[in-house]
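Enquirer: Dropping in data_35.cif, which is mmCIF, C-alpha atoms and all ligand atoms:
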data_protein
#
loop_
_atom_site.label_atom_id
_atom_site.label_comp_id
_atom_site.auth_asym_id
_atom_site.auth_seq_id
_atom_site.Cartn_x
_atom_site.Cartn_y
_atom_site.Cartn_z
CA MET A 20 175.39 -22.74 119.38
CA ASN A 21 174.68 -24.82 122.45
CA LEU A 22 177.61 -23.29 124.28
CA VAL A 23 176.29 -19.82 123.55
CA ARG A 24 172.90 -20.82 124.93
CA ILE A 25 174.41 -22.28 128.06
CA LEU A 26 176.47 -19.15 128.65
CA LEU A 27 173.45 -16.95 128.10
CA PHE A 28 171.40 -19.01 130.53
CA ALA A 29 174.20 -18.95 133.12
CA THR A 30 174.38 -15.17 132.84
CA ILE A 31 170.64 -14.77 133.33
CA VAL A 32 170.69 -17.02 136.41
CA ALA A 33 173.66 -15.13 137.85
CA VAL A 34 171.88 -11.78 137.47
CA ALA A 35 168.59 -13.08 138.83
CA THR A 36 170.19 -14.51 141.96
CA ALA A 37 172.69 -11.73 142.63
CA GLN A 38 173.01 -11.38 146.35
CA CYS A 39 175.46 -11.00 149.13
CA VAL A 40 178.52 -13.22 148.89
CA VAL A 41 180.47 -11.94 151.89
CA SER A 42 179.79 -12.23 155.63
CA GLU A 43 178.35 -9.26 157.52
CA HIS A 44 181.78 -8.87 159.12
CA ASP A 45 183.48 -8.61 155.74
CA ALA A 46 180.73 -6.34 154.42
CA LEU A 47 181.47 -3.91 157.26
CA ILE A 48 185.16 -4.01 156.37
CA GLU A 49 184.26 -3.30 152.74
CA LEU A 50 182.26 -0.28 153.86
CA TYR A 51 185.20 0.95 155.95
CA ASN A 52 187.55 0.60 152.98
CA ALA A 53 185.16 2.11 150.41
CA ALA A 54 184.11 5.06 152.54
CA GLY A 55 187.41 6.41 153.80
CA GLY A 56 187.53 4.53 157.11
CA PRO A 57 190.94 5.82 158.23
CA LEU A 58 189.47 9.34 158.08
CA TRP A 59 186.36 8.62 160.14
CA ASN A 60 185.85 10.63 163.30
CA ASN A 61 185.27 7.51 165.35
CA GLN A 62 186.84 4.27 164.08
CA SER A 63 186.63 2.44 167.37
CA GLY A 64 186.78 -1.30 166.58
CA TRP A 65 186.75 -0.77 162.82
CA ASP A 66 190.51 -0.26 162.96
CA THR A 67 190.90 -3.70 164.56
CA PRO A 68 189.29 -5.90 161.89
CA ALA A 69 189.83 -9.16 163.77
CA SER A 70 187.62 -8.00 166.67
CA ASP A 71 183.91 -8.73 167.12
CA HIS A 72 182.13 -6.28 164.82
CA CYS A 73 179.19 -6.09 167.21
CA THR A 74 181.41 -3.93 169.45
CA TRP A 75 182.41 -1.49 166.71
CA TYR A 76 181.32 2.13 166.80
CA GLY A 77 177.83 2.53 165.39
CA VAL A 78 177.09 -1.19 164.97
CA THR A 79 174.19 -2.80 166.81
CA CYS A 80 173.65 -6.57 166.72
CA ASN A 81 170.81 -8.79 167.88
CA HIS A 82 171.32 -11.72 170.28
CA ASN A 83 172.42 -13.90 167.36
CA GLY A 84 175.12 -11.48 166.32
CA ARG A 85 173.29 -10.25 163.24
CA VAL A 86 173.64 -6.56 162.43
CA VAL A 87 170.33 -4.82 163.10
CA GLY A 88 171.55 -1.23 163.22
CA LEU A 89 174.28 0.82 161.67
CA ASP A 90 174.57 4.45 162.76
CA LEU A 91 177.49 6.30 161.23
CA THR A 92 175.76 9.67 161.11
CA ASP A 93 178.14 12.62 160.83
CA ASN A 94 181.23 10.42 161.09
CA ASN A 95 183.19 11.87 158.15
CA LEU A 96 182.44 9.03 155.75
CA GLN A 97 183.77 9.89 152.31
CA GLY A 98 183.73 7.70 149.24
CA PHE A 99 181.33 5.08 147.94
CA LEU A 100 178.71 2.73 149.22
CA PRO A 101 179.82 -0.78 148.24
CA GLU A 102 177.34 -3.33 146.79
CA SER A 103 177.83 -5.34 149.97
CA ILE A 104 175.75 -2.74 151.81
CA GLY A 105 172.97 -5.19 150.85
CA CYS A 106 174.44 -7.90 153.10
CA PHE A 107 172.77 -6.74 156.30
CA THR A 108 169.52 -8.55 155.70
CA PHE A 109 168.42 -8.22 159.35
CA ILE A 110 169.11 -4.49 159.56
CA LYS A 111 166.28 -2.30 160.82
CA SER A 112 167.97 1.05 160.73
CA LEU A 113 170.66 2.27 158.36
CA LEU A 114 171.80 5.77 159.28
CA LEU A 115 174.50 7.21 157.06
CA GLY A 116 173.41 10.84 156.90
CA GLU A 117 175.58 13.94 157.21
CA ASN A 118 178.67 12.52 155.55
CA ALA A 119 180.39 12.97 152.18
CA LEU A 120 179.34 9.83 150.34
CA VAL A 121 179.48 10.13 146.55
CA GLY A 122 178.47 8.01 143.58
CA LEU A 123 175.46 5.78 143.09
CA VAL A 124 173.30 4.04 145.67
CA PRO A 125 173.90 0.33 144.97
CA ALA A 126 170.88 -1.61 143.74
CA ASP A 127 171.53 -4.16 146.48
CA ILE A 128 170.11 -1.71 149.01
CA GLY A 129 166.84 -3.37 147.99
CA LEU A 130 167.99 -6.56 149.76
CA LEU A 131 167.54 -4.81 153.12
CA VAL A 132 163.94 -5.90 153.35
CA ASN A 133 163.69 -5.48 157.13
CA MET A 134 164.69 -1.84 157.12
CA LYS A 135 162.36 0.56 158.86
CA TYR A 136 164.56 3.63 159.01
CA LEU A 137 166.87 4.75 156.22
CA THR A 138 168.78 7.97 156.02
CA LEU A 139 171.29 8.86 153.35
CA ALA A 140 170.47 12.56 153.72
CA HIS A 141 173.14 15.25 153.55
CA ASN A 142 175.66 13.49 151.34
CA GLN A 143 176.69 14.00 147.70
CA LEU A 144 175.10 10.91 146.20
CA THR A 145 174.31 11.01 142.49
CA GLY A 146 172.33 9.11 139.88
CA PRO A 147 168.72 7.98 140.13
CA LEU A 148 166.83 6.99 143.26
CA PRO A 149 167.08 3.19 143.21
CA ALA A 150 163.84 1.46 142.22
CA GLU A 151 165.14 -1.60 144.07
CA LEU A 152 164.43 0.22 147.33
CA CYS A 153 160.76 -0.64 146.73
CA GLN A 154 161.56 -4.17 147.94
CA ALA A 155 162.15 -2.71 151.41
CA VAL A 156 158.44 -2.68 152.07
CA HIS A 157 158.71 -2.08 155.83
CA LEU A 158 160.32 1.33 155.51
CA GLN A 159 158.71 3.91 157.76
CA TYR A 160 161.23 6.75 157.47
CA ILE A 161 162.94 7.48 154.17
CA TYR A 162 165.39 10.37 154.28
CA LEU A 163 167.15 10.99 150.96
CA SER A 164 167.26 14.78 151.06
CA HIS A 165 170.26 17.02 150.44
CA ASN A 166 172.04 14.95 147.81
CA LEU A 167 172.47 15.26 144.05
CA PHE A 168 169.96 12.65 142.95
CA THR A 169 168.63 13.11 139.41
CA GLY A 170 165.84 11.69 137.25
CA VAL A 171 162.25 10.90 138.12
CA ILE A 172 161.08 9.28 141.34
CA PRO A 173 160.52 5.57 140.60
CA LEU A 174 156.74 5.05 140.27
CA CYS A 175 156.81 2.24 142.84
CA TYR A 176 157.72 4.78 145.55
CA ALA A 177 154.06 5.82 145.53
CA THR A 178 152.78 2.35 146.43
CA ALA A 179 155.55 0.12 147.83
CA PHE A 180 155.91 1.49 151.35
CA GLU A 181 152.69 0.53 153.10
CA PHE A 182 153.89 1.68 156.54
CA VAL A 183 155.76 4.83 155.56
CA LYS A 184 155.43 7.84 157.85
CA GLU A 185 157.97 10.33 156.55
CA ILE A 186 159.57 10.88 153.14
CA HIS A 187 162.22 13.55 152.68
CA LEU A 188 163.42 14.26 149.14
CA GLU A 189 164.18 17.98 149.35
CA CYS A 190 167.31 19.53 147.92
CA ASN A 191 168.10 17.15 145.10
CA GLU A 192 167.90 17.48 141.32
CA LEU A 193 164.88 15.25 140.81
CA GLU A 194 162.49 15.75 137.92
CA GLY A 195 158.73 15.80 138.16
CA PRO A 196 156.16 14.77 138.69
CA LEU A 197 156.12 14.71 142.46
CA LEU A 198 154.30 11.44 143.13
CA ASP A 199 151.17 11.47 145.25
CA PHE A 200 152.28 10.19 148.66
CA SER A 201 149.02 11.22 150.35
CA GLN A 202 147.59 7.76 149.55
CA TYR A 203 149.68 6.11 152.24
CA ASP A 204 147.69 5.31 155.39
CA TYR A 205 150.36 6.35 157.90
CA ILE A 206 152.02 9.21 156.05
CA MET A 207 152.67 12.21 158.31
CA GLU A 208 155.34 14.25 156.57
CA VAL A 209 156.54 14.82 153.01
CA ARG A 210 159.36 17.18 152.12
CA SER A 211 160.16 17.83 148.49
CA ARG A 212 161.19 21.47 148.00
CA CYS A 213 164.12 22.46 145.82
CA ASN A 214 164.19 19.91 143.05
CA ASP A 215 163.88 20.25 139.29
CA TRP A 216 160.09 20.00 139.22
CA ASP A 217 157.56 22.80 138.95
CA VAL A 218 157.60 25.33 141.74
CA LEU A 219 153.85 24.90 142.04
CA CYS A 220 152.92 22.21 144.51
CA PRO A 221 150.54 19.57 143.14
CA LEU A 222 146.95 19.58 144.38
CA TRP A 223 147.34 16.60 146.70
CA THR A 224 149.83 18.57 148.80
CA GLN A 225 146.95 20.70 150.07
CA THR A 226 145.90 17.82 152.31
CA ASP A 227 145.69 19.26 155.83
CA ALA A 228 146.42 16.01 157.62
CA ILE A 229 150.03 15.81 156.49
CA VAL A 230 152.98 18.11 157.08
CA ILE A 231 154.06 18.96 153.58
CA GLU A 232 156.87 21.20 152.57
CA CYS A 233 157.07 21.43 148.80
CA GLN A 234 158.14 25.04 148.40
CA GLY A 235 160.77 27.11 150.09
CA LEU A 236 164.22 28.55 149.91
CA CYS A 237 167.09 26.43 148.71
CA GLU A 238 169.91 28.09 150.55
CA ASP A 239 170.74 24.98 152.54
CA CYS A 240 170.85 22.74 149.49
CA PRO A 241 174.17 21.23 148.48
CA THR A 242 176.17 22.60 145.60
CA PRO A 243 177.67 20.04 143.26
CA PRO A 244 181.10 19.07 144.55
CA VAL A 245 184.25 19.72 142.62
CA PHE A 246 184.84 16.02 142.38
CA GLU A 247 186.88 14.45 139.65
CA CYS A 248 186.49 10.75 139.23
CA PRO A 249 189.81 8.97 138.88
CA PRO A 250 189.79 6.90 135.66
CA GLU A 251 190.19 3.60 137.48
CA ILE A 252 186.87 3.97 139.32
CA VAL A 253 184.80 5.53 136.55
CA ASN A 254 182.12 2.85 136.80
CA GLU A 255 181.39 3.66 140.40
CA CYS A 256 181.30 7.37 139.88
CA GLY A 257 177.86 7.64 138.39
CA THR A 258 177.40 10.90 136.59
CA TYR A 259 180.91 12.04 137.39
CA VAL A 260 182.46 10.19 134.47
CA LEU A 261 185.52 11.84 132.97
CA GLN A 262 184.92 13.11 129.45
C1 LIG B 301 183.85 6.01 169.81
O1 LIG B 301 183.07 4.85 169.84
C2 LIG B 301 183.26 4.04 171.00
C3 LIG B 301 182.51 2.74 170.78
O2 LIG B 301 181.18 2.95 170.46
C4 LIG B 301 182.84 4.82 172.22
O3 LIG B 301 183.02 4.04 173.37
C5 LIG B 301 183.66 6.09 172.30
O4 LIG B 301 183.19 6.87 173.38
C6 LIG B 301 183.56 6.87 171.02
N1 LIG B 301 184.53 7.95 171.07
C7 LIG B 301 184.18 9.22 170.90
C8 LIG B 301 185.29 10.22 170.95
O5 LIG B 301 183.04 9.57 170.70
#
Using structure tokens, write down the structure that the file contains.
Ligand SMILES: *[C@@H]1O[C@H](CO)[C@@H](O)[C@H](O)[C@H]1NC(C)=O
Expert:
Amino acid sequence: MNLVRILLFATIVAVATAQCVVSEHDALIELYNAAGGPLWNNQSGWDTPASDHCTWYGVTCNHNGRVVGLDLTDNNLQGFLPESIGCFTFIKSLLLGENALVGLVPADIGLLVNMKYLTLAHNQLTGPLPAELCQAVHLQYIYLSHNLFTGVIPLCYATAFEFVKEIHLECNELEGPLLDFSQYDYIMEVRSRCNDWDVLCPLWTQTDAIVIECQGLCEDCPTPPVFECPPEIVNECGTYVLQ
């Protein structure tokens, strides 16, 4: 019985303290390997793993060599975001939009507590919006539009981001209700059209002070990809589990 208790306790501790176990350098290599690196438009530096990652395409470091920016926008990324995306604890801007990323957003994205600017827009990401993102309390720009996210918006999204200026959720498969983002002091823009909630915009969206787009055509929204998850990576494939 004691052994069972010890194992149970050890498991709880392991879950509670889950965090990055690789260096930022190795986390970048994991991203390259998980997201189709050899197919990227610009792989400068990434294809020479022994080199200083601060010189790699899209990587910005501070004077201590910590990664503070990662901009791989429209660089033909295809594949998954690895858990180690949470390793860049100094990162201020994570720009991965306009690629072909699939699968779930790892919960460890919530470890990026210094992030101000996040875009995962224009990919084919699935599953729920991660509630863990609410730990990134300095976010000012949150662009998650044009993906295949499902489920309700985590309630904490309405209160966690004290400094948020823009939230883009349009063109997903999210369910209502659309949370009231007008409570945020610095909010300037909310986009939410083309999801699975009511076509009627909620009352708060009539606020004049904010640019709000909650209705409109969906022609530019993504269509679900014809993507078959290979059996060996079923766990990472979110909703695309083979029957
Ligand atoms: C690729 O990235 C490197 C490093 O940032 C840059 O010097 C180079 O101009 C880029 N190449 C292209 C074709 O954009």
Enquirer: Compare A:Leu167, A:Leu198, A:Leu91, A:Cys153 by their minimum atom-to-atom distance to ligand LIG 301 (chain B), counting only C-alpha atoms and all ligand atoms, and give me the closest one.
Expert: A:Leu91
Enquirer: Rank A:Leu100, A:Val78, A:Leu89, A:Ala140 by their smallest atom-to-atom distance to Leu50 (chain A), using all atoms listed in the file, and report the top residue only.
Expert: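 Among A:Leu100, A:Val78, A:Leu89, A:Ala140, it is A:Leu100 that comes nearest to Leu50 (chain A).
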Enquirer: 6 Å from ligand LIG 301 (chain B) is the threshold here; counting only C-alpha atoms and all ligand atoms, which polymer residues fall inside it? Answer as a PyMOL selection string.
Expert: chain A and resi 61+63+75-76
Enquirer: Separation of CA of Leu188 (chain A) and CA of Thr138 (chain A), in Å?
Expert: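 Calculated distance between CA of Leu188 (chain A) and CA of Thr138 (chain A) is 10.8 Å.
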Enquirer: Calculated over all atoms listed in the file, which of the candidates A:Ala126, A:Val183, A:Val87, A:Leu120 has the smallest distance to Asn142 (chain A)?
Expert: A:Leu120
